[in-house]
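Listing of work32.pdb, PDB, C-alpha atoms
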MODEL        1
ATOM      1  CA  MET A   1     -85.612  94.081   6.839
ATOM      2  CA  THR A   2     -86.841  90.488   6.915
ATOM      3  CA  PRO A   3     -85.304  87.642   4.878
ATOM      4  CA  ALA A   4     -88.249  87.941   2.465
ATOM      5  CA  ASP A   5     -87.569  91.663   2.049
ATOM      6  CA  LEU A   6     -83.862  90.984   1.483
ATOM      7  CA  SER A   7     -84.727  88.337  -1.110
ATOM      8  CA  LEU A   8     -86.833  90.899  -3.018
ATOM      9  CA  THR A   9     -84.041  93.478  -2.780
ATOM     10  CA  VAL A  10     -81.510  91.060  -4.299
ATOM     11  CA  LEU A  11     -84.049  90.053  -6.954
ATOM     12  CA  HIS A  12     -84.454  93.738  -7.887
ATOM     13  CA  ALA A  13     -80.674  94.005  -8.252
ATOM     14  CA  VAL A  14     -80.528  90.969 -10.562
ATOM     15  CA  ARG A  15     -83.377  92.366 -12.658
ATOM     16  CA  ARG A  16     -81.584  95.716 -12.950
ATOM     17  CA  ALA A  17     -78.399  93.958 -14.066
ATOM     18  CA  VAL A  18     -80.377  92.113 -16.742
ATOM     19  CA  ASP A  19     -82.242  95.264 -17.814
ATOM     20  CA  ASP A  20     -79.058  97.267 -18.339
ATOM     21  CA  GLY A  21     -77.331  94.408 -20.172
ATOM     22  CA  ALA A  22     -74.690  93.576 -17.571
ATOM     23  CA  LEU A  23     -76.079  90.043 -17.180
ATOM     24  CA  ARG A  24     -77.650  87.915 -19.892
ATOM     25  CA  VAL A  25     -79.685  85.442 -17.874
ATOM     26  CA  GLU A  26     -83.302  84.636 -17.187
ATOM     27  CA  VAL A  27     -84.351  86.418 -14.001
ATOM     28  CA  PRO A  28     -85.255  83.741 -11.421
ATOM     29  CA  PRO A  29     -88.738  83.857  -9.865
ATOM     30  CA  ARG A  30     -87.238  84.124  -6.374
ATOM     31  CA  ILE A  31     -83.854  84.292  -4.667
ATOM     32  CA  LYS A  32     -82.982  82.292  -1.579
ATOM     33  CA  VAL A  33     -81.274  84.024   1.345
ATOM     34  CA  GLU A  34     -80.398  82.382   4.641
ATOM     35  CA  ARG A  35     -78.701  83.199   7.897
ATOM     36  CA  ALA A  36     -74.923  83.341   7.524
ATOM     37  CA  ARG A  37     -73.274  80.216   8.862
ATOM     38  CA  PRO A  38     -70.869  80.337  11.816
ATOM     39  CA  GLY A  39     -67.618  81.918  10.734
ATOM     40  CA  GLY A  40     -69.254  83.574   7.720
ATOM     41  CA  ALA A  41     -69.476  87.283   6.989
ATOM     42  CA  GLY A  42     -72.522  89.432   7.638
ATOM     43  CA  GLU A  43     -75.944  88.389   8.874
ATOM     44  CA  TYR A  44     -77.387  86.751   5.762
ATOM     45  CA  ALA A  45     -75.969  85.066   2.668
ATOM     46  CA  SER A  46     -77.095  84.004  -0.808
ATOM     47  CA  ASN A  47     -75.657  81.685  -3.452
ATOM     48  CA  VAL A  48     -77.532  83.409  -6.303
ATOM     49  CA  ALA A  49     -74.294  84.233  -8.164
ATOM     50  CA  LEU A  50     -73.292  80.560  -8.197
ATOM     51  CA  VAL A  51     -76.744  79.617  -9.488
ATOM     52  CA  LEU A  52     -76.606  82.159 -12.341
ATOM     53  CA  ALA A  53     -72.937  81.780 -13.290
ATOM     54  CA  ARG A  54     -73.308  78.977 -15.840
ATOM     55  CA  SER A  55     -76.133  80.583 -17.821
ATOM     56  CA  ALA A  56     -74.373  83.972 -17.636
ATOM     57  CA  GLY A  57     -71.168  82.509 -19.084
ATOM     58  CA  ARG A  58     -69.140  84.128 -16.289
ATOM     59  CA  SER A  59     -67.483  83.076 -13.071
ATOM     60  CA  ALA A  60     -69.633  83.197  -9.964
ATOM     61  CA  ARG A  61     -67.419  85.901  -8.464
ATOM     62  CA  GLU A  62     -67.908  88.050 -11.586
ATOM     63  CA  VAL A  63     -71.679  87.622 -11.334
ATOM     64  CA  ALA A  64     -71.548  88.387  -7.622
ATOM     65  CA  GLY A  65     -69.593  91.568  -8.366
ATOM     66  CA  ILE A  66     -72.228  92.726 -10.864
ATOM     67  CA  ILE A  67     -75.025  92.130  -8.350
ATOM     68  CA  GLU A  68     -73.055  93.694  -5.492
ATOM     69  CA  GLU A  69     -72.550  96.869  -7.534
ATOM     70  CA  ARG A  70     -76.336  97.264  -7.799
ATOM     71  CA  LEU A  71     -76.874  96.669  -4.088
ATOM     72  CA  ARG A  72     -74.503  99.316  -2.738
ATOM     73  CA  ASP A  73     -77.195 101.945  -2.220
ATOM     74  CA  ALA A  74     -80.057  99.577  -1.424
ATOM     75  CA  PRO A  75     -82.196 100.771   1.501
ATOM     76  CA  GLY A  76     -81.746  98.588   4.574
ATOM     77  CA  LEU A  77     -78.295  97.271   3.651
ATOM     78  CA  ARG A  78     -75.238  98.435   5.569
ATOM     79  CA  GLY A  79     -72.847  96.362   3.496
ATOM     80  CA  VAL A  80     -72.452  93.558   0.946
ATOM     81  CA  GLU A  81     -69.379  91.329   0.847
ATOM     82  CA  ILE A  82     -68.348  88.622  -1.629
ATOM     83  CA  THR A  83     -66.756  85.554  -0.091
ATOM     84  CA  GLY A  84     -65.510  82.166  -1.256
ATOM     85  CA  PRO A  85     -66.354  81.152  -4.820
ATOM     86  CA  GLY A  86     -69.042  83.845  -5.109
ATOM     87  CA  PHE A  87     -71.324  83.977  -2.083
ATOM     88  CA  LEU A  88     -73.006  87.313  -1.356
ATOM     89  CA  ASN A  89     -73.042  88.231   2.330
ATOM     90  CA  PHE A  90     -75.290  90.964   3.725
ATOM     91  CA  THR A  91     -75.159  93.207   6.779
ATOM     92  CA  LEU A  92     -78.400  95.040   7.499
ATOM     93  CA  ARG A  93     -79.055  98.521   8.816
ATOM     94  CA  GLY A  94     -82.114 100.284  10.100
ATOM     95  CA  ASP A  95     -81.695 103.921   9.056
ATOM     96  CA  ALA A  96     -81.078 103.728   5.293
ATOM     97  CA  GLY A  97     -84.703 104.445   4.438
ATOM     98  CA  SER A  98     -84.669 107.726   6.335
ATOM     99  CA  GLU A  99     -81.531 108.808   4.506
ATOM    100  CA  LEU A 100     -83.059 107.961   1.115
ATOM    101  CA  VAL A 101     -86.115 110.067   1.925
ATOM    102  CA  ARG A 102     -83.861 112.974   2.876
ATOM    103  CA  VAL A 103     -81.989 112.654  -0.419
ATOM    104  CA  VAL A 104     -85.215 112.648  -2.459
ATOM    105  CA  ARG A 105     -86.688 115.576  -0.565
ATOM    106  CA  ALA A 106     -83.477 117.578  -1.036
ATOM    107  CA  ALA A 107     -83.241 116.837  -4.768
ATOM    108  CA  GLY A 108     -86.934 117.271  -5.533
ATOM    109  CA  ALA A 109     -87.924 116.603  -9.146
ATOM    110  CA  SER A 110     -84.250 116.287 -10.119
ATOM    111  CA  TYR A 111     -83.776 113.148  -7.989
ATOM    112  CA  GLY A 112     -82.203 110.558 -10.261
ATOM    113  CA  HIS A 113     -80.540 113.116 -12.508
ATOM    114  CA  GLY A 114     -76.782 112.769 -12.639
ATOM    115  CA  THR A 115     -73.546 113.070 -14.570
ATOM    116  CA  ALA A 116     -72.942 109.461 -15.608
ATOM    117  CA  LEU A 117     -73.078 110.449 -19.313
ATOM    118  CA  ALA A 118     -71.178 113.733 -18.940
ATOM    119  CA  GLY A 119     -68.721 114.142 -21.817
ATOM    120  CA  THR A 120     -70.921 112.084 -24.145
ATOM    121  CA  THR A 121     -72.265 113.813 -27.253
ATOM    122  CA  VAL A 122     -75.277 112.317 -29.028
ATOM    123  CA  ARG A 123     -76.726 113.527 -32.313
ATOM    124  CA  PHE A 124     -80.058 112.407 -33.664
ATOM    125  CA  ALA A 125     -81.215 112.293 -37.253
ATOM    126  CA  GLU A 126     -84.338 114.258 -38.085
ATOM    127  CA  VAL A 127     -87.525 112.149 -38.041
ATOM    128  CA  THR A 128     -91.081 112.920 -39.126
ATOM    129  CA  GLU A 129     -93.161 109.886 -38.069
ATOM    130  CA  SER A 130     -95.309 110.863 -35.055
ATOM    131  CA  ARG A 131     -94.175 108.231 -32.581
ATOM    132  CA  ALA A 132     -90.524 108.498 -33.597
ATOM    133  CA  VAL A 133     -90.660 112.255 -32.989
ATOM    134  CA  LEU A 134     -92.170 111.776 -29.526
ATOM    135  CA  VAL A 135     -89.816 108.979 -28.440
ATOM    136  CA  THR A 136     -86.791 110.933 -29.658
ATOM    137  CA  GLU A 137     -87.968 113.998 -27.736
ATOM    138  CA  VAL A 138     -88.177 112.015 -24.478
ATOM    139  CA  VAL A 139     -84.879 110.201 -25.098
ATOM    140  CA  VAL A 140     -83.198 113.592 -25.549
ATOM    141  CA  ARG A 141     -84.644 114.670 -22.195
ATOM    142  CA  LEU A 142     -83.413 111.458 -20.545
ATOM    143  CA  LEU A 143     -79.912 111.819 -21.959
ATOM    144  CA  ARG A 144     -79.656 115.400 -20.779
ATOM    145  CA  SER A 145     -80.833 114.365 -17.315
ATOM    146  CA  GLN A 146     -77.726 112.177 -17.130
ATOM    147  CA  GLY A 147     -75.343 114.887 -18.281
ATOM    148  CA  ALA A 148     -75.070 114.060 -21.995
ATOM    149  CA  ASP A 149     -74.721 116.783 -24.623
ATOM    150  CA  VAL A 150     -77.476 116.209 -27.194
ATOM    151  CA  ASP A 151     -78.139 117.734 -30.623
ATOM    152  CA  PRO A 152     -81.628 116.660 -31.740
ATOM    153  CA  GLY A 153     -82.635 116.566 -35.399
ATOM    154  CA  VAL A 154     -79.319 117.752 -36.874
ATOM    155  CA  GLY A 155     -79.280 115.162 -39.656
ATOM    156  CA  GLY A 156     -76.876 112.303 -40.149
ATOM    157  CA  GLY A 157     -77.045 111.273 -36.505
ATOM    158  CA  GLU A 158     -78.509 108.395 -34.550
ATOM    159  CA  ARG A 159     -82.071 107.307 -35.352
ATOM    160  CA  VAL A 160     -84.522 105.926 -32.799
ATOM    161  CA  TYR A 161     -86.413 103.053 -34.433
ATOM    162  CA  VAL A 162     -90.029 102.556 -33.348
ATOM    163  CA  HIS A 163     -93.145 100.690 -34.390
ATOM    164  CA  PRO A 164     -95.167 103.494 -36.027
ATOM    165  CA  GLY A 165     -98.078 104.953 -34.096
ATOM    166  CA  ALA A 166    -100.356 107.978 -34.360
ATOM    167  CA  TYR A 167    -100.183 110.720 -31.744
ATOM    168  CA  GLU A 168    -103.949 111.000 -31.126
ATOM    169  CA  VAL A 169    -103.966 114.081 -28.954
ATOM    170  CA  GLU A 170    -107.343 115.351 -30.199
ATOM    171  CA  ARG A 171    -109.086 112.051 -29.341
ATOM    172  CA  LEU A 172    -107.207 111.129 -26.168
ATOM    173  CA  GLY A 173    -105.758 114.357 -24.824
ATOM    174  CA  SER A 174    -102.037 114.935 -24.520
ATOM    175  CA  ASP A 175    -101.357 112.779 -21.442
ATOM    176  CA  ALA A 176    -103.099 109.596 -22.611
ATOM    177  CA  ALA A 177    -101.830 110.048 -26.159
ATOM    178  CA  ARG A 178     -98.235 110.271 -24.917
ATOM    179  CA  TRP A 179     -98.588 107.324 -22.507
ATOM    180  CA  ALA A 180    -100.015 105.150 -25.305
ATOM    181  CA  LEU A 181     -96.890 105.737 -27.398
ATOM    182  CA  LEU A 182     -94.301 105.749 -24.610
ATOM    183  CA  ARG A 183     -95.466 102.943 -22.292
ATOM    184  CA  ALA A 184     -94.959 100.236 -24.917
ATOM    185  CA  ALA A 185     -91.372  99.390 -25.852
ATOM    186  CA  PRO A 186     -90.364 101.324 -28.995
ATOM    187  CA  HIS A 187     -90.379  98.178 -31.161
ATOM    188  CA  ASP A 188     -93.846  97.117 -29.895
ATOM    189  CA  ARG A 189     -97.243  98.344 -31.010
ATOM    190  CA  PRO A 190     -98.522 101.374 -29.055
ATOM    191  CA  LEU A 191    -101.141 100.794 -26.375
ATOM    192  CA  ASP A 192    -104.809 101.008 -27.257
ATOM    193  CA  GLY A 193    -105.736 104.555 -26.352
ATOM    194  CA  ALA A 194    -109.398 104.111 -25.372
ATOM    195  CA  PRO A 195    -108.766 102.172 -22.106
ATOM    196  CA  LEU A 196    -106.393 104.939 -20.993
ATOM    197  CA  LEU A 197    -109.370 107.274 -20.631
ATOM    198  CA  ALA A 198    -111.069 105.050 -18.031
ATOM    199  CA  GLN A 199    -110.495 105.839 -14.362
ATOM    200  CA  HIS A 200    -109.915 102.233 -13.388
ATOM    201  CA  GLU A 201    -107.130 100.302 -11.675
ATOM    202  CA  ARG A 202    -106.519  98.345 -14.895
ATOM    203  CA  ASN A 203    -105.491 101.643 -16.505
ATOM    204  CA  SER A 204    -101.773 102.002 -15.797
ATOM    205  CA  LEU A 205    -101.743 105.744 -16.490
ATOM    206  CA  PHE A 206    -104.631 106.288 -14.083
ATOM    207  CA  ARG A 207    -102.872 104.297 -11.320
ATOM    208  CA  VAL A 208     -99.708 106.388 -11.621
ATOM    209  CA  ARG A 209    -101.522 109.729 -11.633
ATOM    210  CA  TYR A 210    -103.946 108.592  -8.927
ATOM    211  CA  ALA A 211    -101.045 107.541  -6.682
ATOM    212  CA  HIS A 212     -99.601 111.034  -7.016
ATOM    213  CA  SER A 213    -102.945 112.622  -6.177
ATOM    214  CA  ARG A 214    -103.247 110.367  -3.108
ATOM    215  CA  VAL A 215     -99.946 111.731  -1.818
ATOM    216  CA  ARG A 216    -101.221 115.286  -2.190
ATOM    217  CA  ARG A 217    -104.375 114.319  -0.264
ATOM    218  CA  LEU A 218    -102.357 112.629   2.484
ATOM    219  CA  LEU A 219    -100.309 115.798   2.935
ATOM    220  CA  VAL A 220    -103.490 117.884   3.248
ATOM    221  CA  ASN A 221    -105.044 115.407   5.685
ATOM    222  CA  GLY A 222    -101.812 115.259   7.649
ATOM    223  CA  GLU A 223    -101.786 119.030   7.999
ATOM    224  CA  GLN A 224    -105.348 118.922   9.321
ATOM    225  CA  LEU A 225    -104.236 116.366  11.926
ATOM    226  CA  GLY A 226    -101.119 118.319  12.829
ATOM    227  CA  VAL A 227     -98.844 115.731  11.215
ATOM    228  CA  GLY A 228     -96.087 117.045   8.941
ATOM    229  CA  PRO A 229     -93.598 115.003   6.907
ATOM    230  CA  ALA A 230     -90.252 114.415   8.656
ATOM    231  CA  PRO A 231     -87.977 111.351   8.257
ATOM    232  CA  GLU A 232     -87.326 110.997  11.980
ATOM    233  CA  VAL A 233     -87.438 107.220  12.385
ATOM    234  CA  PRO A 234     -86.906 104.255  10.027
ATOM    235  CA  VAL A 235     -89.986 103.141   8.107
ATOM    236  CA  ASP A 236     -90.739  99.459   7.534
ATOM    237  CA  ALA A 237     -91.648  99.671   3.837
ATOM    238  CA  PRO A 238     -88.890  97.749   1.991
ATOM    239  CA  VAL A 239     -90.756  97.351  -1.297
ATOM    240  CA  LEU A 240     -91.592 101.050  -1.604
ATOM    241  CA  LEU A 241     -88.088 102.051  -0.498
ATOM    242  CA  GLY A 242     -86.552  99.579  -2.935
ATOM    243  CA  VAL A 243     -88.498 100.923  -5.917
ATOM    244  CA  LEU A 244     -87.800 104.489  -4.841
ATOM    245  CA  GLY A 245     -84.090 103.748  -4.592
ATOM    246  CA  ASP A 246     -84.113 102.221  -8.091
ATOM    247  CA  HIS A 247     -85.175 105.486  -9.733
ATOM    248  CA  PRO A 248     -81.681 106.851 -10.580
ATOM    249  CA  VAL A 249     -80.656 103.522 -12.121
ATOM    250  CA  VAL A 250     -83.867 103.334 -14.150
ATOM    251  CA  LEU A 251     -83.380 106.836 -15.579
ATOM    252  CA  LEU A 252     -79.792 106.048 -16.548
ATOM    253  CA  ALA A 253     -80.735 102.713 -18.144
ATOM    254  CA  ALA A 254     -83.626 104.350 -20.034
ATOM    255  CA  ALA A 255     -81.233 106.972 -21.389
ATOM    256  CA  ARG A 256     -78.584 104.464 -22.410
ATOM    257  CA  HIS A 257     -81.043 102.095 -24.093
ATOM    258  CA  ARG A 258     -83.210 104.870 -25.628
ATOM    259  CA  ALA A 259     -86.173 103.301 -23.853
ATOM    260  CA  PRO A 260     -88.718 105.672 -22.240
ATOM    261  CA  ASP A 261     -90.934 102.643 -21.542
ATOM    262  CA  ARG A 262     -88.564 101.706 -18.719
ATOM    263  CA  VAL A 263     -89.454 104.926 -16.945
ATOM    264  CA  ALA A 264     -93.183 104.307 -17.445
ATOM    265  CA  ARG A 265     -92.941 100.746 -16.099
ATOM    266  CA  HIS A 266     -90.932 101.957 -13.124
ATOM    267  CA  LEU A 267     -93.573 104.583 -12.336
ATOM    268  CA  GLU A 268     -96.212 101.847 -12.385
ATOM    269  CA  ALA A 269     -94.194  99.794  -9.882
ATOM    270  CA  LEU A 270     -93.717 102.851  -7.678
ATOM    271  CA  ALA A 271     -97.422 103.715  -7.832
ATOM    272  CA  ASP A 272     -98.437 100.162  -6.904
ATOM    273  CA  ALA A 273     -96.029 100.096  -3.945
ATOM    274  CA  LEU A 274     -97.254 103.493  -2.775
ATOM    275  CA  LEU A 275    -100.928 102.568  -3.051
ATOM    276  CA  ALA A 276    -100.284  99.452  -0.966
ATOM    277  CA  PHE A 277     -98.468 101.579   1.644
ATOM    278  CA  GLN A 278    -100.820 104.595   1.822
ATOM    279  CA  HIS A 279    -103.217 103.108   4.386
ATOM    280  CA  THR A 280    -100.473 102.993   7.041
ATOM    281  CA  VAL A 281     -99.391 106.621   6.716
ATOM    282  CA  LEU A 282    -101.753 108.616   8.964
ATOM    283  CA  PRO A 283    -103.276 107.802  12.373
ATOM    284  CA  LEU A 284    -106.424 105.694  12.319
ATOM    285  CA  GLY A 285    -109.274 105.904  14.802
ATOM    286  CA  ASP A 286    -108.053 106.884  18.280
ATOM    287  CA  GLU A 287    -104.396 106.446  17.316
ATOM    288  CA  LYS A 288    -102.285 109.448  18.297
ATOM    289  CA  PRO A 289     -99.902 111.110  15.826
ATOM    290  CA  SER A 290     -96.305 110.032  16.313
ATOM    291  CA  ALA A 291     -92.828 110.304  14.801
ATOM    292  CA  ALA A 292     -93.601 107.126  12.863
ATOM    293  CA  HIS A 293     -96.522 108.837  11.127
ATOM    294  CA  ARG A 294     -94.334 111.812  10.234
ATOM    295  CA  SER A 295     -91.730 109.477   8.759
ATOM    296  CA  ARG A 296     -94.319 107.546   6.768
ATOM    297  CA  LEU A 297     -95.741 110.803   5.445
ATOM    298  CA  ALA A 298     -92.233 111.917   4.451
ATOM    299  CA  LEU A 299     -91.761 108.649   2.557
ATOM    300  CA  ALA A 300     -95.113 109.077   0.803
ATOM    301  CA  GLU A 301     -94.182 112.664  -0.075
ATOM    302  CA  ALA A 302     -90.864 111.457  -1.535
ATOM    303  CA  ALA A 303     -92.653 108.849  -3.633
ATOM    304  CA  GLY A 304     -95.058 111.493  -4.910
ATOM    305  CA  THR A 305     -92.120 113.713  -5.833
ATOM    306  CA  VAL A 306     -90.571 110.924  -7.879
ATOM    307  CA  LEU A 307     -93.887 110.120  -9.571
ATOM    308  CA  ALA A 308     -94.276 113.760 -10.593
ATOM    309  CA  GLY A 309     -90.667 113.981 -11.756
ATOM    310  CA  GLY A 310     -90.912 110.789 -13.786
ATOM    311  CA  LEU A 311     -94.141 111.875 -15.437
ATOM    312  CA  SER A 312     -92.516 115.220 -16.235
ATOM    313  CA  VAL A 313     -89.670 113.443 -18.040
ATOM    314  CA  LEU A 314     -92.328 111.756 -20.191
ATOM    315  CA  GLY A 315     -94.092 115.086 -20.758
ATOM    316  CA  ILE A 316     -97.171 113.980 -18.800
ATOM    317  CA  SER A 317     -98.917 115.999 -16.104
ATOM    318  CA  ALA A 318     -99.258 114.955 -12.455
ATOM    319  CA  PRO A 319    -102.554 116.405 -11.174
ATOM    320  CA  ASP A 320    -103.063 117.059  -7.487
ATOM    321  CA  ARG A 321    -106.641 115.750  -7.691
ATOM    322  CA  ILE A 322    -108.317 113.110  -9.826
TER     323      ILE A 322
ENDMDL
END

Spell out the structure here as structure tokens.
Amino acid sequence: MTPADLSLTVLHAVRRAVDDGALRVEVPPRIKVERARPGGAGEYASNVALVLARSAGRSAREVAGIIEERLRDAPGLRGVEITGPGFLNFTLRGDAGSELVRVVRAAGASYGHGTALAGTTVRFAEVTESRAVLVTEVVVRLLRSQGADVDPGVGGGERVYVHPGAYEVERLGSDAARWALLRAAPHDRPLDGAPLLAQHERNSLFRVRYAHSRVRRLLVNGEQLGVGPAPEVPVDAPVLLGVLGDHPVVLLAAARHRAPDRVARHLEALADALLAFQHTVLPLGDEKPSAAHRSRLALAEAAGTVLAGGLSVLGISAPDRI
């Protein structure tokens, strides 16, 4: 992990803290990390907590603690320590990515599901408006994925408020019709459905589904080359690993905030990272297959698993070919 990669990892953690309401600050465009000074802890350090403390209305050590909590499982980090008035100190590791891939492959489509909301009972009021029905359906699925006990449409319960929108399944098909209503935040207008039918990189739904289909093709091509997925060696793909590692937090935040759009946006970020990574996965030209290729293919396979699982939560299909 380079200093630039570490900076992005810390930035992701700050953004997650803001998204789930733990910090009320404007996310900075970049975060500075530097080599730890003599006598300091770890290999790198950042003063981001001190920079954000005033606008957050908290002490720098409190802010550092919130960020540290969201860095504990970050790929590439062996440890994070808070020192002095609120400096974050980082110790790097080289095998965290392989472990994350193993976790995803073991969990399959249930990666990111957990018990954080176990013991919580949520009841929803009955709704009839098309978009409200759809958003409530997905929120129920998200809550259950985190262990909550949910009674949908029992009357007198919680109501999910949305900007109204028609579920145009006959014109758009089920997948595009659902994405149009779920990708926008509930209080925003739904997406225009027509562009979602175009197979173009500007179409966010197409990019997500295409990224999944690319993984399926890579696995087929790998089999033809005698390369199978196996996380044998660390893979230098910090952005993809970072987004992949964020998935459990995103699902939990989406459930807590009744916001399926968070899942959709996360799938877009994962698809973009995967599409940027795909060209490095298999041997090129006269290059011989190696353990590195098997590890890259395992990472791609894990990303495809998460894309399919996330789309399933939204009720959208993940085709093997597009």

As a check of understanding: the span from CA of Val306 in chain A to CA of Arg131 in chain A is 25.1 Å

(request) Take the PyMOL selection byres ((chain A and resi 136-148) around 7), apply it to the structure above, and return the hits as a list in words. (result) His113, Gly114, Thr115, Ala116, Leu117, Ala118, Gly119, Thr120, Thr121, Ala132, Val133, Leu134, Val135, Asp149, Val150, Val160, Leu251, Leu252, Ala255, Arg258, Pro260, Val313 and Leu314 of chain A

Just so the selection is clear, what residues does the PyMOL selection byres ((chain A and resi 202-207) around 12) cover here, as a ChimeraX atom specification?
/A:175-184,191-201,208-214,264-276,307,311,314,316-319,321-322

Could you check how far CA of Ile67 in chain A sits from CA of Glu26 in chain A, in Å to one decimal?
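One can read the CA of Ile67 in chain A to CA of Glu26 in chain A distance as 14.2 Å.
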
Report task. Could you tell me how far CA of Ala74 in chain A lies from CA of Arg217 in chain A, in Å and to one decimal? Result ->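 The value is 28.5 Å.
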
Kindly list the centre and edge lengths in Å, rounded to one decimal, for the axis-aligned box that covers all listed atoms of range 30-35 of chain A plus 3 Å on each of its six sides, as JSON.
{"center_x": -83.0, "center_y": 83.3, "center_z": 0.8, "size_x": 14.5, "size_y": 8.0, "size_z": 20.3}

**Prompt:** Got a sec: who's within 12 Å of Pro234 in chain A, counting all atoms listed in the file, leaving out chain neighbours fewer than 3 positions off, as a list in words?
**Reply:** Met1, Pro75, Gly76, Arg93, Gly94, Asp95, Ala96, Gly97, Ser98, Glu99, Leu100, Val101, Arg102, Ala230, Pro231, Ala237, Pro238, Leu241, Ala291, Ala292, His293, Arg294, Ser295, Arg296, Leu297, Ala298 and Leu299 of chain A

Pull C-alpha atoms from the residues just selected and write them as a short mmCIF file (atom, residue, chain, number, x, y, z; two decimals), in the coordinates of the input.
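Produced file out.cif, reproduced below:
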data_model
loop_
_atom_site.label_atom_id
_atom_site.label_comp_id
_atom_site.auth_asym_id
_atom_site.auth_seq_id
_atom_site.Cartn_x
_atom_site.Cartn_y
_atom_site.Cartn_z
CA MET A 1 -85.61 94.08 6.84
CA PRO A 75 -82.20 100.77 1.50
CA GLY A 76 -81.75 98.59 4.57
CA ARG A 93 -79.06 98.52 8.82
CA GLY A 94 -82.11 100.28 10.10
CA ASP A 95 -81.69 103.92 9.06
CA ALA A 96 -81.08 103.73 5.29
CA GLY A 97 -84.70 104.44 4.44
CA SER A 98 -84.67 107.73 6.34
CA GLU A 99 -81.53 108.81 4.51
CA LEU A 100 -83.06 107.96 1.12
CA VAL A 101 -86.12 110.07 1.92
CA ARG A 102 -83.86 112.97 2.88
CA ALA A 230 -90.25 114.42 8.66
CA PRO A 231 -87.98 111.35 8.26
CA ALA A 237 -91.65 99.67 3.84
CA PRO A 238 -88.89 97.75 1.99
CA LEU A 241 -88.09 102.05 -0.50
CA ALA A 291 -92.83 110.30 14.80
CA ALA A 292 -93.60 107.13 12.86
CA HIS A 293 -96.52 108.84 11.13
CA ARG A 294 -94.33 111.81 10.23
CA SER A 295 -91.73 109.48 8.76
CA ARG A 296 -94.32 107.55 6.77
CA LEU A 297 -95.74 110.80 5.44
CA ALA A 298 -92.23 111.92 4.45
CA LEU A 299 -91.76 108.65 2.56
#

(request) For Leu71 in chain A, list every protein, DNA or RNA residue within 12 Å, evaluated using only C-alpha atoms, and leave out those in the same chain fewer than 6 positions away; present the list as a list in words. (result)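 The residues satisfying every condition are Leu6, Ser7, Leu8, Thr9, Val10, Leu11, His12, Ala13, Val14, Arg15, Arg16, Ala17, Ala64, Gly65, Leu77, Arg78, Gly79, Val80, Glu81, Ile82, Leu88, Asn89, Phe90, Thr91, Leu92, Gly242, Gly245, Asp246 and Val249 of chain A.
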
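This file, filtered with the PyMOL selection byres ((chain A and resi 283) around 12), gives the residues A:Leu218, A:Asn221, A:Gly222, A:Gln224, A:Leu225, A:Gly226, A:Val227, A:Gln278, A:His279, A:Thr280, A:Val281, A:Leu282, A:Leu284, A:Gly285, A:Asp286, A:Glu287, A:Lys288, A:Pro289, A:Ser290, A:Ala291, A:Ala292, A:His293, A:Arg294, A:Arg296, A:Leu297.
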
Between A:Ala185, A:Val250, A:Val235, A:Val33, smallest distance to Tyr111 in chain A by only C-alpha atoms belongs to A:Val250

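For Arg61 in chain A, the non-local neighbours within 9 Å, defined as residues at least 4 positions apart in the same chain or in other chains and counting only C-alpha atoms, are Ala49, Leu50, Ala53, Gly65, Ile66, Ile82, Thr83, Gly84, Pro85, Gly86 and Phe87 of chain A.
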
Selected residues written out with C-alpha atoms, as an mmCIF file, in the frame of the given file:
data_model
loop_
_atom_site.group_PDB
_atom_site.id
_atom_site.type_symbol
_atom_site.label_atom_id
_atom_site.label_comp_id
_atom_site.auth_asym_id
_atom_site.auth_seq_id
_atom_site.Cartn_x
_atom_site.Cartn_y
_atom_site.Cartn_z
ATOM 1 C CA ALA A 49 -74.294 84.233 -8.164
ATOM 2 C CA LEU A 50 -73.292 80.560 -8.197
ATOM 3 C CA ALA A 53 -72.937 81.780 -13.290
ATOM 4 C CA GLY A 65 -69.593 91.568 -8.366
ATOM 5 C CA ILE A 66 -72.228 92.726 -10.864
ATOM 6 C CA ILE A 82 -68.348 88.622 -1.629
ATOM 7 C CA THR A 83 -66.756 85.554 -0.091
ATOM 8 C CA GLY A 84 -65.510 82.166 -1.256
ATOM 9 C CA PRO A 85 -66.354 81.152 -4.820
ATOM 10 C CA GLY A 86 -69.042 83.845 -5.109
ATOM 11 C CA PHE A 87 -71.324 83.977 -2.083
#

task = Please provide as an NGL selection string all residues within 8 Å of Lys32 in chain A, with the sequence filter that same-chain residues fewer than 3 positions apart are discarded (counting all atoms listed in the file).
result = :A and (7 or 46-48)

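With all atoms listed in the file as the basis for measurement, A:Ala106 is the residue among A:Gly173, A:Val127, A:His163, A:Ala106 that approaches Glu301 in chain A most closely.
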
Closest to Asp236 in chain A among A:Phe277, A:Pro28, A:Ser55, A:Asp73, using all atoms listed in the file?
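Of A:Phe277, A:Pro28, A:Ser55, A:Asp73, the one nearest Asp236 in chain A, counting all atoms listed in the file, is A:Phe277.
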